[in-house]
Each structure stands twice: as C-alpha cells, then as structure tokens.
Amino acid sequence: MVVTRFAPSPTGYLHVGGARTALFNWLYARRMGGTFILRIEDTDLKRNTPTAMQQVIQDLRWLGIDWDEGPEVGGPNGPYLQSRRRDIYDQYITKLLDQGKAYYCFDTPEELEALRREASEGKQGFVYQRPDQFPDTRDVERARSEGRPVTVRFAVPQDQPIIVQDVIRGDVTFGPGEVQDFIIQKSDGFPTYHFAVVVDDELMGATHVIRGQEHLMNTPSHQALQAALGFRTPVYAHMSVTVSESGGKLSKRERPKALRERIKSMNDPDLESLALAGGISTEEMESFLNKKTTPDMPAIDAMAAHLGVHLPEINVVDFFRSGYLPETMVNFLALLGWNPGDDREVMDREELIAAFNLDRLSKSNSLFDRKKLMSFNTEHIKRVSPAALLGHYKAFLAEIGSPAARAEDERLTRILKVCLGARTLEEIEQKTRFLFVDNTKVDYDETAVEKVLFKHNGLGVLAEVGDQFKALAEITAESIEQVLRGLADQKQIGLGKVAQPLRVAICGTTISPPIFDSVDMLGMDNTLARIRIAIEKFDNKN
RNA sequence: GCCCCCAUCGUCUAGCGGCCUAGGACGCCGGGUUCUCAUCCCGGUAACAGGGGUUCGAGUCCCCUUGGGGGUACCA
C-alpha cells in the first residue's frame, strides 16, 4: 500500500512549486491506489499566518487535488496539524535523551551566530562541537534559572557513511562527519522540521516521500534519526526545482519585484494615489521602492490593479484570477519534470493518473514557461465539457467581481460558446464586458474611434447598418449576418468595413466575439441605441 | 570556503551504445483561412556546453573543466 503526503507550512497562499509537489504525491497515490495525506507543518510560530491553512486548502481543492487524510476530512493518524502533536514529539525526544542519542544545548542564537561568523571568516565550514559529557537534568535546571535557552540536539552517529537511495538520483553518499548534530527541539518546546517530519512520516505510514531537491541534503539527517528511533526509511524522490524566467527559484518575491520595476520605469508616477490604492503609507511606499521593505500581497495586488499592470503569476490563486483553468495548471505542472514517455502533452487528470510513475521524473531543473502555459490553457478551454467550463467561468467571474457574475447560465454558456479559442477566461470576460454595461456607459477606445468611425465613412456605414437593422423582422445571428453581408456586397466593400464601425459602436473597441453573435447577444434594442449614441457622440467631431 | 545535484533546439522534453543526416510540443519567422481579437491550417528556423578517455561504434558509459541550481538555521 502506497502512502504519500503533502506537508506544506502555512505561510501564505500555495505557490506553483508547492502545488507541483502536492500534485506529484497525489498523482502517485492515485496511480497506485494508495492514500494521500495532507499534513500541516505549523511548527514555526513566527511564520504561520492564521488564514494560510484555509488558503492552501482552497487552492488544493481548486486544483482538484483531494486528500484521504488530513484537515477537514480527518483520518486514523491525526491530528494532522503538527502544532497539535506536541506530546507525541515529546515522547520521542525523551526517548532519545534517555538513550543518550540526543543532548541538551544551552547556546544562545547570538553565540551560535558568532561561531558561524568566525568559521566563515576563516573560510571554514561551521561544525557544532558535541560536548564530551552530555548535560544532565540539573544542568538544564541551572540553565533555565540563568535564563539560557534550552534546546535538544540529535547526536548524529559519526562512524558510518549515510547512503540516500533516491529513486530519481540514485545513491547519494554522505561520508562520516559530513552530517553534523542538529537541533530537534527548539527552545520554545516545538520540534524542528527535521524531527517532526521523521516522526510523522513514520506514524502516518508514509511509504514514499516526493519532495523538492532542496531537501536532498536534509535526508541523511532524517535517515540517521529514523535509524536511532527504529523507524522505517521511506522511498525518497527528490524532484528537480522549477525556476523562473528571470533565473533562480520561482519565488513569491517576483510579484513585488515586477511591480517595483514597473513603478520605477514610469516617468512620473503618482506615488501618493498609488500608496492610497494599496492602503499603505507614503513612507512604506518609499521604503518599498528602495527595496528596504515589501508590503503584503493584497497591497501589491491592489497597486498593480490600480496601475493596470499584469504581475507574473506565482501563487495558485494568481493563476485562477488570471483566468487559467485548474485542468491547465495540473497538466502543465505535471509536465514540469515528468513526461508520459510518448508524445502526449495535453492530458486531463485521469490520463495523468493512468500514465504517472516515478521512473520518468527528470533530474534537471525546469523553467516555468508562461507562453506554453497559455497554449495549454487554450487547449483545455476547448477540451473541458461545456458544463465544467461554465462552472470555472462563474467561479472566475465571482472571484474578480465582474458584473457578468450575475448573468444567467444560459447567457454565459452562449458567451463561452462564441469565445471558443480564447486563451484565458480573463480574455473572454474582457471581450464580452460590453454586454454588461449600460448603453450610455460604453467606454470608447480613442484609437478605435479614430481608425474605424472617422475613416472610410465609418459613421455613414454605421447609420446604414442601423437603418437596415430597424427594418429587420426576425433577429438571429443568421439574419444579422445576412444584413451585414448584403450591405457589404451592395456597397462593394469588405465585410470588415461594415462590421468594424458597428463593433466600435456597440463595444467601444475593435475587439469582440464575432459581430453577428455580439449583436444578437446584446439585443437589437441595445444595439440600435448604441448605434444612435455613437453617431450623436462622434458625428459632429468629424 | 565546504558539501550535494544537474547539463539535448530560446523553453519543456524524447533519446536508457548502433533504429539519430537527433523526434515532439511551445515560442519565433514565413504563408494561408477570417468581420476584429483569438482560434485553425501549412511551411521553416533551431540543440547534444568544452576537453579527454572506454568502445568496432557515444547524445547515450567514465574522468576533468566550465556553467547552472541547491544546501551549509532554534525556516520548512
């Protein structure tokens, strides 16, 4: 029986790197008919944010990654929040202490820092000196009374090499002395990650640990701990890392960075109103631009929205808000460091599960290519069922607060149908926003008006279109098409010369779904009203 | 500094000693379809990081160099 787990620390939204790790573990469990566990690693009080767990859970749900054990669903090996498992960790810490396999330390962070600095100045690696005699309980009491911090360190056996058998990388050997003693219990009484992960993976029965390459160096420590506690060693798979276009690990810092660069590239940014939009002070803005501090994500998002700039998506929720489908994300993320071994690329969850295995994971890092992601999204928009697409679209509209969110399903279905070929849901929303604004509130694009209405007798043609529409008995996309094509033929001009003025009149821009559908969806009354308004508004200016 | 991992088109990758004059996809460039945008169709461009071995034969195995990434926390 295969048991895998995803163990995020709740520090904020789930980012794509974490989503990929979750996905690989989930795919493997599903492929093998095993169990997938969600465990929250909240052992660092300083880093945890209260809502982060909910955000991570939401993001996983959106992706369609479900868990058999974990928060909200329970399970036989709970609790699934490490902060609620303190007594369990304490038992094992005591055991190691009693067996002389771990020892108390009283160093202050400052002392350790000084030792490290000294080592690096001498171009030496820092090695913690294990005392010849381990402190006893009296020493602990004395240290406590002196106000010194008390931590517990694991004494890593130094006589044997430790071999990590990684399914992706093969055997990786760490010589004796290369793995040094490390803290397993912090001075606040919480276990460190290294300890909690080992205990929980044992107790929860994890058979396979699929995680990022950044954990490879931690693995010998974990194995030493497993040996000392008499635990199994799970199968390890250290995946390649996903890097961003700007080089380096795909990081949450990219969004603030992109925004900062954008602001700095503006010749006269209105910093005051921008700070206001972000809900931060002008001092904070100053500090942000000088790379001293970074406002929180909502502030960054708000400022980006205020400027109308598109920040690179990093968190799963960013992709949702940009109009990507969960199917796209799952497919694309799965192909970052894995492939099915044939030429298939566009796949749904079931196909991925059926094809997934651990032997086809690649060793080298991969770059997150947004262009390819977009092409995958185009494919999935065409591939998912109309009902599923409608569901995704409604969720998207609600998330971004679009006025279209209130539209009936039938109307939205029509919109999706005529927008097939769109690359993102955002594109569809923007392209059909004109359907949801008041006739008098159409936002006319200056260059579009200039280019289409003022040239080639655009307004004149528009007036004729209006006249013919008024005379139209039956109103369907087909009859509208007949009118427009007939008019173009009659005037010996291209259809574009007829369609574009009409498009600008009803949409305000030169971009919309096919004009016949656009008119039909808007309704003839509204169309005639907008034609009249456009002519009144622009005729005298020509 | 030390330790570890990695290395095929711009990008994701196929390739597990001869099937490779290196395949696919995205991008890009050119052409076509079209009422706009997008889609769609056709064509093209483009890679085995460098140097040594091993072998009858190396993209595929070994070593070195270079480059990239990661680790070196009372973060996970």
# chains A, B, ... in the order shown; residues from 1 in each chain; ligands from 1
>>> interface_residues(of="chain B", to="chain A", cutoff="8 Å", atoms="only C-alpha atoms (C1' of nucleotides)", output="PyMOL selection string")
chain B and resi 1-7+11-14+24-27+35-39+69-72+74-76
>>> residues_around(residues="Lys292 of chain A", least_positions_apart="5", cutoff="12 Å", atoms="only C-alpha atoms (C1' of nucleotides)", output="list in words")
Pro256, Lys257, Arg260, Glu283, Glu284, Met285, Glu286 and Ser287 of chain A
>>> write_last_selection(atoms="C-alpha atoms", output="short mmCIF file (atom, residue, chain, number, x, y, z; two decimals), in the first residue's frame")
data_model
loop_
_atom_site.label_atom_id
_atom_site.label_comp_id
_atom_site.auth_asym_id
_atom_site.auth_seq_id
_atom_site.Cartn_x
_atom_site.Cartn_y
_atom_site.Cartn_z
CA PRO A 256 6.61 42.76 -5.69
CA LYS A 257 9.78 42.91 -7.75
CA ARG A 260 8.65 47.87 -8.22
CA GLU A 283 6.79 56.13 3.85
CA GLU A 284 6.07 52.47 3.24
CA MET A 285 5.96 53.22 -0.48
CA GLU A 286 9.31 54.93 -0.30
CA SER A 287 10.76 52.03 1.61
#
>>> residues_around(residues="Thr476 of chain A", least_positions_apart="4", cutoff="12 Å", atoms="only C-alpha atoms (C1' of nucleotides)", output="compact mmCIF listing (two decimals) with all heavy atoms, in the first residue's frame")
# COMPACT_ATOMS: atom_id res chain seq x y z
N PHE A 469 -31.09 47.43 -39.74
CA PHE A 469 -31.44 46.66 -38.55
C PHE A 469 -32.87 46.97 -38.12
O PHE A 469 -33.62 46.10 -37.69
CB PHE A 469 -30.48 46.97 -37.40
CG PHE A 469 -29.21 46.15 -37.44
CD1 PHE A 469 -28.16 46.41 -36.56
CD2 PHE A 469 -29.05 45.12 -38.37
CE1 PHE A 469 -27.00 45.67 -36.58
CE2 PHE A 469 -27.87 44.37 -38.40
CZ PHE A 469 -26.84 44.65 -37.50
N LEU A 472 -35.40 45.00 -39.79
CA LEU A 472 -35.26 43.55 -39.69
C LEU A 472 -36.41 42.93 -38.90
O LEU A 472 -36.70 43.34 -37.78
CB LEU A 472 -33.92 43.23 -39.01
CG LEU A 472 -33.35 41.83 -39.19
CD1 LEU A 472 -33.16 41.50 -40.67
CD2 LEU A 472 -32.01 41.74 -38.48
N ILE A 480 -28.79 38.65 -38.93
CA ILE A 480 -27.88 39.79 -38.76
C ILE A 480 -26.73 39.66 -39.76
O ILE A 480 -26.32 40.63 -40.40
CB ILE A 480 -27.35 39.85 -37.31
CG1 ILE A 480 -28.51 40.22 -36.37
CG2 ILE A 480 -26.21 40.84 -37.19
CD1 ILE A 480 -28.24 39.91 -34.92
N GLU A 481 -26.25 38.44 -39.89
CA GLU A 481 -25.17 38.19 -40.83
C GLU A 481 -25.61 38.54 -42.25
O GLU A 481 -24.88 39.16 -43.01
CB GLU A 481 -24.73 36.72 -40.76
CG GLU A 481 -23.64 36.39 -41.77
CD GLU A 481 -22.92 35.07 -41.48
OE1 GLU A 481 -23.30 34.40 -40.50
OE2 GLU A 481 -21.99 34.74 -42.22
N GLN A 482 -26.83 38.15 -42.58
CA GLN A 482 -27.36 38.43 -43.92
C GLN A 482 -27.37 39.93 -44.21
O GLN A 482 -26.96 40.38 -45.27
CB GLN A 482 -28.79 37.89 -44.06
CG GLN A 482 -28.82 36.45 -44.54
CD GLN A 482 -30.26 35.94 -44.65
OE1 GLN A 482 -31.21 36.72 -44.64
NE2 GLN A 482 -30.38 34.63 -44.75
N VAL A 483 -27.83 40.67 -43.23
CA VAL A 483 -27.90 42.13 -43.40
C VAL A 483 -26.51 42.70 -43.65
O VAL A 483 -26.29 43.47 -44.60
CB VAL A 483 -28.51 42.79 -42.15
CG1 VAL A 483 -28.32 44.31 -42.20
CG2 VAL A 483 -29.98 42.43 -42.02
N ILE A 515 -19.11 39.42 -34.86
CA ILE A 515 -20.03 40.56 -34.76
C ILE A 515 -21.49 40.16 -34.77
O ILE A 515 -22.31 40.76 -34.08
CB ILE A 515 -19.72 41.59 -35.90
CG1 ILE A 515 -20.48 42.90 -35.68
CG2 ILE A 515 -20.02 41.00 -37.27
CD1 ILE A 515 -20.05 43.66 -34.45
N PHE A 516 -21.81 39.09 -35.53
CA PHE A 516 -23.23 38.67 -35.60
C PHE A 516 -23.70 38.20 -34.23
O PHE A 516 -24.79 38.53 -33.78
CB PHE A 516 -23.40 37.56 -36.63
CG PHE A 516 -22.51 37.74 -37.84
CD1 PHE A 516 -21.55 36.80 -38.18
CD2 PHE A 516 -22.63 38.88 -38.63
CE1 PHE A 516 -20.73 36.98 -39.27
CE2 PHE A 516 -21.81 39.08 -39.73
CZ PHE A 516 -20.85 38.13 -40.06
N ASP A 517 -22.86 37.43 -33.59
CA ASP A 517 -23.20 36.96 -32.25
C ASP A 517 -23.21 38.10 -31.25
O ASP A 517 -24.03 38.14 -30.33
CB ASP A 517 -22.19 35.90 -31.80
CG ASP A 517 -22.29 34.65 -32.65
OD1 ASP A 517 -23.35 34.00 -32.64
OD2 ASP A 517 -21.31 34.32 -33.34
N SER A 518 -22.26 39.02 -31.42
CA SER A 518 -22.18 40.14 -30.49
C SER A 518 -23.47 40.93 -30.51
O SER A 518 -24.02 41.29 -29.46
CB SER A 518 -21.00 41.05 -30.87
OG SER A 518 -19.78 40.37 -30.66
N VAL A 519 -23.96 41.23 -31.71
CA VAL A 519 -25.20 41.99 -31.84
C VAL A 519 -26.37 41.19 -31.26
O VAL A 519 -27.18 41.71 -30.49
CB VAL A 519 -25.47 42.33 -33.32
CG1 VAL A 519 -26.89 42.91 -33.50
CG2 VAL A 519 -24.43 43.31 -33.84
N ASP A 520 -26.42 39.94 -31.62
CA ASP A 520 -27.52 39.09 -31.17
C ASP A 520 -27.55 38.98 -29.64
O ASP A 520 -28.60 39.05 -29.01
CB ASP A 520 -27.36 37.69 -31.79
CG ASP A 520 -28.60 36.84 -31.55
OD1 ASP A 520 -29.71 37.41 -31.50
OD2 ASP A 520 -28.45 35.62 -31.38
N MET A 521 -26.36 38.82 -29.04
CA MET A 521 -26.30 38.69 -27.58
C MET A 521 -26.65 40.00 -26.89
O MET A 521 -27.26 40.00 -25.82
CB MET A 521 -24.90 38.22 -27.14
CG MET A 521 -24.59 36.77 -27.50
SD MET A 521 -23.09 36.17 -26.70
CE MET A 521 -21.84 37.15 -27.49
N LEU A 522 -26.24 41.09 -27.49
CA LEU A 522 -26.53 42.39 -26.89
C LEU A 522 -28.02 42.71 -27.00
O LEU A 522 -28.61 43.35 -26.12
CB LEU A 522 -25.70 43.48 -27.59
CG LEU A 522 -25.85 44.90 -27.06
CD1 LEU A 522 -25.37 44.98 -25.61
CD2 LEU A 522 -25.08 45.87 -27.94
N GLY A 523 -28.63 42.22 -28.07
CA GLY A 523 -30.05 42.50 -28.29
C GLY A 523 -30.21 43.66 -29.25
O GLY A 523 -29.40 44.60 -29.24
N MET A 524 -31.23 43.59 -30.08
CA MET A 524 -31.37 44.62 -31.11
C MET A 524 -31.69 45.99 -30.54
O MET A 524 -31.19 47.00 -31.02
CB MET A 524 -32.45 44.19 -32.13
CG MET A 524 -32.46 45.06 -33.39
SD MET A 524 -30.81 45.27 -34.12
CE MET A 524 -30.65 43.80 -35.11
>>> closest_residue(among="B:C28, B:A49, B:C40, B:C20", to="U66 of chain B", atoms="only C-alpha atoms (C1' of nucleotides)")
B:A49
>>> residues_around(residues="Gly12 of chain A", least_positions_apart="4", cutoff="8 Å", atoms="only C-alpha atoms (C1' of nucleotides)", output="PDB file with N, CA, C and O atoms, in the first residue's frame")
ATOM      1  N   ASN A  48       3.836  31.313  10.745  1.00  0.00           N
ATOM      2  CA  ASN A  48       2.465  30.941  10.433  1.00  0.00           C
ATOM      3  C   ASN A  48       1.550  32.153  10.356  1.00  0.00           C
ATOM      4  O   ASN A  48       1.649  33.060  11.164  1.00  0.00           O
ATOM      5  N   THR A  49       0.669  32.143   9.387  1.00  0.00           N
ATOM      6  CA  THR A  49      -0.351  33.176   9.355  1.00  0.00           C
ATOM      7  C   THR A  49      -1.693  32.471   9.550  1.00  0.00           C
ATOM      8  O   THR A  49      -1.880  31.353   9.094  1.00  0.00           O
ATOM      9  N   THR A  51      -4.711  32.638   8.395  1.00  0.00           N
ATOM     10  CA  THR A  51      -5.609  32.203   7.328  1.00  0.00           C
ATOM     11  C   THR A  51      -4.938  31.309   6.304  1.00  0.00           C
ATOM     12  O   THR A  51      -5.588  30.780   5.407  1.00  0.00           O
ATOM     13  N   ALA A  52      -3.628  31.133   6.467  1.00  0.00           N
ATOM     14  CA  ALA A  52      -2.864  30.449   5.426  1.00  0.00           C
ATOM     15  C   ALA A  52      -3.339  29.024   5.185  1.00  0.00           C
ATOM     16  O   ALA A  52      -3.412  28.565   4.051  1.00  0.00           O
ATOM     17  N   MET A  53      -3.696  28.317   6.248  1.00  0.00           N
ATOM     18  CA  MET A  53      -4.111  26.942   6.061  1.00  0.00           C
ATOM     19  C   MET A  53      -5.363  26.873   5.191  1.00  0.00           C
ATOM     20  O   MET A  53      -5.465  26.046   4.289  1.00  0.00           O
ATOM     21  N   GLN A  55      -6.243  28.996   2.989  1.00  0.00           N
ATOM     22  CA  GLN A  55      -5.885  29.362   1.622  1.00  0.00           C
ATOM     23  C   GLN A  55      -5.287  28.173   0.888  1.00  0.00           C
ATOM     24  O   GLN A  55      -5.616  27.902  -0.266  1.00  0.00           O
ATOM     25  N   VAL A  56      -4.404  27.467   1.584  1.00  0.00           N
ATOM     26  CA  VAL A  56      -3.772  26.300   0.965  1.00  0.00           C
ATOM     27  C   VAL A  56      -4.825  25.251   0.630  1.00  0.00           C
ATOM     28  O   VAL A  56      -4.831  24.678  -0.463  1.00  0.00           O
TER      29      VAL A  56
END
>>> residues_around(residues="segment 307-315 of chain A", least_positions_apart="5", cutoff="7 Å", atoms="only C-alpha atoms (C1' of nucleotides)", output="number ranges by chain")
A: 13-16, 252, 255, 258-259
>>> write_last_selection(atoms="N, CA, C and O atoms", output="compact mmCIF listing (two decimals), in the first residue's frame")
# COMPACT_ATOMS: atom_id res chain seq x y z
N TYR A 13 -0.39 31.83 0.62
CA TYR A 13 -1.03 31.09 -0.46
C TYR A 13 -0.10 29.99 -0.96
O TYR A 13 1.12 30.08 -0.86
N LEU A 14 -0.72 28.99 -1.53
CA LEU A 14 0.04 27.90 -2.15
C LEU A 14 0.64 28.43 -3.44
O LEU A 14 -0.05 28.97 -4.29
N HIS A 15 1.95 28.28 -3.59
CA HIS A 15 2.55 28.75 -4.84
C HIS A 15 2.75 27.56 -5.78
O HIS A 15 2.57 26.40 -5.39
N VAL A 16 3.09 27.83 -7.02
CA VAL A 16 3.11 26.75 -8.01
C VAL A 16 4.11 25.65 -7.68
O VAL A 16 3.86 24.49 -7.97
N LYS A 252 8.10 33.89 -4.48
CA LYS A 252 6.98 34.80 -4.22
C LYS A 252 7.41 36.25 -4.37
O LYS A 252 6.58 37.14 -4.50
N ARG A 255 6.53 38.99 -7.69
CA ARG A 255 5.43 39.93 -7.93
C ARG A 255 5.76 41.32 -7.41
O ARG A 255 5.66 42.29 -8.16
N ALA A 258 8.39 42.76 -9.73
CA ALA A 258 7.86 43.21 -11.02
C ALA A 258 7.15 44.55 -10.87
O ALA A 258 7.28 45.44 -11.71
N LEU A 259 6.40 44.68 -9.77
CA LEU A 259 5.67 45.93 -9.54
C LEU A 259 6.65 47.08 -9.31
O LEU A 259 6.49 48.17 -9.88
>>> atom_distance(atom1="atom CA of Glu474 of chain A", atom2="atom CA of Lys441 of chain A")
27.6 Å
>>> residues_around(residues="C29 of chain B", least_positions_apart="3", cutoff="12 Å", atoms="only C-alpha atoms (C1' of nucleotides)", output="list in words")
G43, G44, U45 and A46 of chain B
>>> residues_around(residues="Leu528 of chain A", least_positions_apart="5", cutoff="9 Å", atoms="only C-alpha atoms (C1' of nucleotides)", output="list in words")
Gly466, Asp467, Phe469, Lys470, Ile506, Gly523 and Ile533 of chain A
>>> closest_residue(among="B:A73, B:C19, B:C64, B:C9", to="G51 of chain B", atoms="only C-alpha atoms (C1' of nucleotides)")
B:C64
>>> closest_residue(among="A:Ile37, A:Leu203, A:Leu361, A:Ala227", to="Ile162 of chain A", atoms="only C-alpha atoms")
A:Ala227
>>> select_by_dssp(residues="segment 214-418 of chain A", states="strand (DSSP E)", output="count of residues only")
9
>>> closest_residue(among="A:Ala448, A:Ile168, A:Val140, A:Val3", to="Arg30 of chain A", atoms="only C-alpha atoms")
A:Val3
>>> atom_distance(atom1="atom CA of Asn377 of chain A", atom2="atom CA of Asp68 of chain A")
28.5 Å
